[in-house]
Amino acid sequence: MFNKYDRVKIVDVPDGNPELYQLIGKEATIIDVDRDYEYPYEVVFLDKKSQDINEWHGIILFNDRHLELANEPDVELAKSEIRELINSLWGKKTVHVNELISTLRRIERML
């Protein structure tokens, strides 16, 4: 069993939808646990593409067999996010504070 705020890696998906197989191997953080249901775990993915897929499908719920603990920080993904942030800031005269804070928090969760 997992707990709220555990960092997990997706090892299987609950649906036969081929698009969801892109989520296998991706890391996420458990943001809600409701043990009264067969699929008790709601997660938020660390990378935007996976989170977009998750939201497109109406917030996918997972159970124990779909997840495993992810103990190692994802340094490469954090570097990638930093590069994207630098590229998005390049040439802009102003940056929305919420966008900057959101990206920095995502990087912090990765590390």
# chains A, B, ... in the order shown; residues from 1 in each chain; ligands from 1
>>> closest_atom_pairs(of="region 14-76 of chain A", to="region 91-109 of chain A", cutoff="10 Å", atoms="only C-alpha atoms", output="tab-separated table")
residue	atom	partner	partner_atom	distance
A:Ala28	CA	A:Arg109	CA	9.5
A:Thr29	CA	A:Arg109	CA	8.6
A:Phe45	CA	A:Arg106	CA	9.5
A:Leu46	CA	A:Arg106	CA	6.5
A:Asp47	CA	A:Arg106	CA	8.2
A:Lys48	CA	A:Arg106	CA	9.6
A:Pro73	CA	A:Arg109	CA	8.4
A:Asp74	CA	A:Arg109	CA	9.1
A:Val75	CA	A:Ile107	CA	9.0
>>> select_by_dssp(residues="chain A", states="strand (DSSP E)", output="VMD selection string")
chain A and resid 7 to 10 27 to 33 41 to 45 61 to 62 67 to 69
>>> closest_atom_pairs(of="region 41-61 of chain A", to="region 12-22 of chain A", cutoff="12 Å", atoms="only C-alpha atoms", output="JSON lines")
{"residue": "A:Tyr41", "atom": "CA", "partner": "A:Pro14", "partner_atom": "CA", "distance": 11.5}
{"residue": "A:Lys49", "atom": "CA", "partner": "A:Gln22", "partner_atom": "CA", "distance": 9.6}
{"residue": "A:Ser50", "atom": "CA", "partner": "A:Gln22", "partner_atom": "CA", "distance": 7.7}
{"residue": "A:Gln51", "atom": "CA", "partner": "A:Gln22", "partner_atom": "CA", "distance": 11.1}
{"residue": "A:Asp52", "atom": "CA", "partner": "A:Leu20", "partner_atom": "CA", "distance": 11.2}
{"residue": "A:Ile53", "atom": "CA", "partner": "A:Leu20", "partner_atom": "CA", "distance": 7.5}
{"residue": "A:Asn54", "atom": "CA", "partner": "A:Leu20", "partner_atom": "CA", "distance": 8.2}
{"residue": "A:Glu55", "atom": "CA", "partner": "A:Leu20", "partner_atom": "CA", "distance": 11.4}
{"residue": "A:Trp56", "atom": "CA", "partner": "A:Leu20", "partner_atom": "CA", "distance": 10.5}
{"residue": "A:His57", "atom": "CA", "partner": "A:Leu20", "partner_atom": "CA", "distance": 8.8}
{"residue": "A:Ile59", "atom": "CA", "partner": "A:Leu20", "partner_atom": "CA", "distance": 11.6}
{"residue": "A:Ile60", "atom": "CA", "partner": "A:Pro14", "partner_atom": "CA", "distance": 8.1}
{"residue": "A:Leu61", "atom": "CA", "partner": "A:Pro14", "partner_atom": "CA", "distance": 7.7}
>>> write_last_selection(atoms="N, CA, C and O atoms", output="JSON list (two decimals), in the first residue's frame")
[["chain", "number", "residue", "atom", "x", "y", "z"],
["A", 41, "TYR", "N", -5.80, 5.30, -5.72],
["A", 41, "TYR", "CA", -4.75, 6.30, -5.83],
["A", 41, "TYR", "C", -4.97, 7.28, -6.98],
["A", 41, "TYR", "O", -5.09, 6.88, -8.14],
["A", 49, "LYS", "N", 3.55, 16.29, -20.35],
["A", 49, "LYS", "CA", 2.91, 15.43, -21.35],
["A", 49, "LYS", "C", 2.09, 14.32, -20.68],
["A", 49, "LYS", "O", 0.96, 14.06, -21.05],
["A", 50, "SER", "N", 2.68, 13.67, -19.68],
["A", 50, "SER", "CA", 1.97, 12.60, -18.99],
["A", 50, "SER", "C", 0.77, 13.14, -18.22],
["A", 50, "SER", "O", -0.29, 12.52, -18.20],
["A", 51, "GLN", "N", 0.93, 14.30, -17.60],
["A", 51, "GLN", "CA", -0.19, 14.90, -16.88],
["A", 51, "GLN", "C", -1.30, 15.30, -17.84],
["A", 51, "GLN", "O", -2.48, 15.14, -17.52],
["A", 52, "ASP", "N", -0.94, 15.78, -19.01],
["A", 52, "ASP", "CA", -1.96, 16.11, -20.02],
["A", 52, "ASP", "C", -2.75, 14.86, -20.43],
["A", 52, "ASP", "O", -3.97, 14.91, -20.58],
["A", 53, "ILE", "N", -2.05, 13.74, -20.61],
["A", 53, "ILE", "CA", -2.73, 12.47, -20.95],
["A", 53, "ILE", "C", -3.66, 12.08, -19.81],
["A", 53, "ILE", "O", -4.80, 11.68, -20.03],
["A", 54, "ASN", "N", -3.17, 12.20, -18.59],
["A", 54, "ASN", "CA", -3.96, 11.87, -17.40],
["A", 54, "ASN", "C", -5.24, 12.70, -17.36],
["A", 54, "ASN", "O", -6.33, 12.18, -17.14],
["A", 55, "GLU", "N", -5.13, 13.99, -17.57],
["A", 55, "GLU", "CA", -6.29, 14.87, -17.52],
["A", 55, "GLU", "C", -7.23, 14.63, -18.70],
["A", 55, "GLU", "O", -8.45, 14.72, -18.55],
["A", 56, "TRP", "N", -6.68, 14.33, -19.87],
["A", 56, "TRP", "CA", -7.50, 14.07, -21.05],
["A", 56, "TRP", "C", -8.43, 12.88, -20.81],
["A", 56, "TRP", "O", -9.56, 12.85, -21.27],
["A", 57, "HIS", "N", -7.95, 11.90, -20.05],
["A", 57, "HIS", "CA", -8.74, 10.70, -19.78],
["A", 57, "HIS", "C", -9.56, 10.82, -18.49],
["A", 57, "HIS", "O", -10.05, 9.82, -17.97],
["A", 59, "ILE", "N", -8.65, 12.07, -15.30],
["A", 59, "ILE", "CA", -7.89, 11.74, -14.09],
["A", 59, "ILE", "C", -7.95, 10.22, -13.84],
["A", 59, "ILE", "O", -8.91, 9.70, -13.26],
["A", 60, "ILE", "N", -6.93, 9.55, -14.27],
["A", 60, "ILE", "CA", -6.85, 8.10, -14.16],
["A", 60, "ILE", "C", -6.52, 7.72, -12.72],
["A", 60, "ILE", "O", -5.64, 8.30, -12.09],
["A", 61, "LEU", "N", -7.24, 6.74, -12.20],
["A", 61, "LEU", "CA", -6.98, 6.22, -10.86],
["A", 61, "LEU", "C", -6.23, 4.91, -10.98],
["A", 61, "LEU", "O", -6.42, 4.15, -11.93]]
>>> select_by_dssp(residues="chain A", states="alpha helix (DSSP H)", output="PyMOL selection string")
chain A and resi 48-56+75-89+97-110
>>> residues_around(residues="Asn71 (chain A)", least_positions_apart="5", cutoff="12 Å", atoms="only C-alpha atoms", output="ChimeraX atom specification")
/A:6-9,27-29,109-111
>>> write_last_selection(atoms="N, CA and C atoms", output="PDB file, in the first residue's frame")
ATOM      1  N   ASP A   6       3.573   9.916  -1.675  1.00  0.00           N
ATOM      2  CA  ASP A   6       4.621   8.989  -2.120  1.00  0.00           C
ATOM      3  C   ASP A   6       4.919   9.262  -3.583  1.00  0.00           C
ATOM      4  N   ARG A   7       6.200   9.201  -3.932  1.00  0.00           N
ATOM      5  CA  ARG A   7       6.581   9.295  -5.339  1.00  0.00           C
ATOM      6  C   ARG A   7       6.587   7.873  -5.882  1.00  0.00           C
ATOM      7  N   VAL A   8       5.862   7.675  -6.978  1.00  0.00           N
ATOM      8  CA  VAL A   8       5.706   6.342  -7.543  1.00  0.00           C
ATOM      9  C   VAL A   8       6.061   6.344  -9.027  1.00  0.00           C
ATOM     10  N   LYS A   9       6.322   5.150  -9.525  1.00  0.00           N
ATOM     11  CA  LYS A   9       6.540   4.949 -10.950  1.00  0.00           C
ATOM     12  C   LYS A   9       5.410   4.059 -11.453  1.00  0.00           C
ATOM     13  N   GLU A  27       7.049   8.885 -13.727  1.00  0.00           N
ATOM     14  CA  GLU A  27       6.952   9.101 -12.288  1.00  0.00           C
ATOM     15  C   GLU A  27       5.833  10.076 -11.972  1.00  0.00           C
ATOM     16  N   ALA A  28       5.242   9.868 -10.806  1.00  0.00           N
ATOM     17  CA  ALA A  28       4.131  10.696 -10.357  1.00  0.00           C
ATOM     18  C   ALA A  28       4.165  10.772  -8.836  1.00  0.00           C
ATOM     19  N   THR A  29       3.371  11.687  -8.303  1.00  0.00           N
ATOM     20  CA  THR A  29       3.203  11.808  -6.867  1.00  0.00           C
ATOM     21  C   THR A  29       1.750  11.525  -6.534  1.00  0.00           C
ATOM     22  N   ARG A 109      10.149  18.911  -6.899  1.00  0.00           N
ATOM     23  CA  ARG A 109       9.590  17.577  -6.641  1.00  0.00           C
ATOM     24  C   ARG A 109      10.421  16.486  -7.302  1.00  0.00           C
ATOM     25  N   MET A 110      11.031  16.810  -8.427  1.00  0.00           N
ATOM     26  CA  MET A 110      11.856  15.822  -9.132  1.00  0.00           C
ATOM     27  C   MET A 110      13.113  15.498  -8.352  1.00  0.00           C
ATOM     28  N   LEU A 111      13.614  16.492  -7.639  1.00  0.00           N
ATOM     29  CA  LEU A 111      14.870  16.323  -6.916  1.00  0.00           C
ATOM     30  C   LEU A 111      14.599  16.038  -5.462  1.00  0.00           C
TER      31      LEU A 111
END
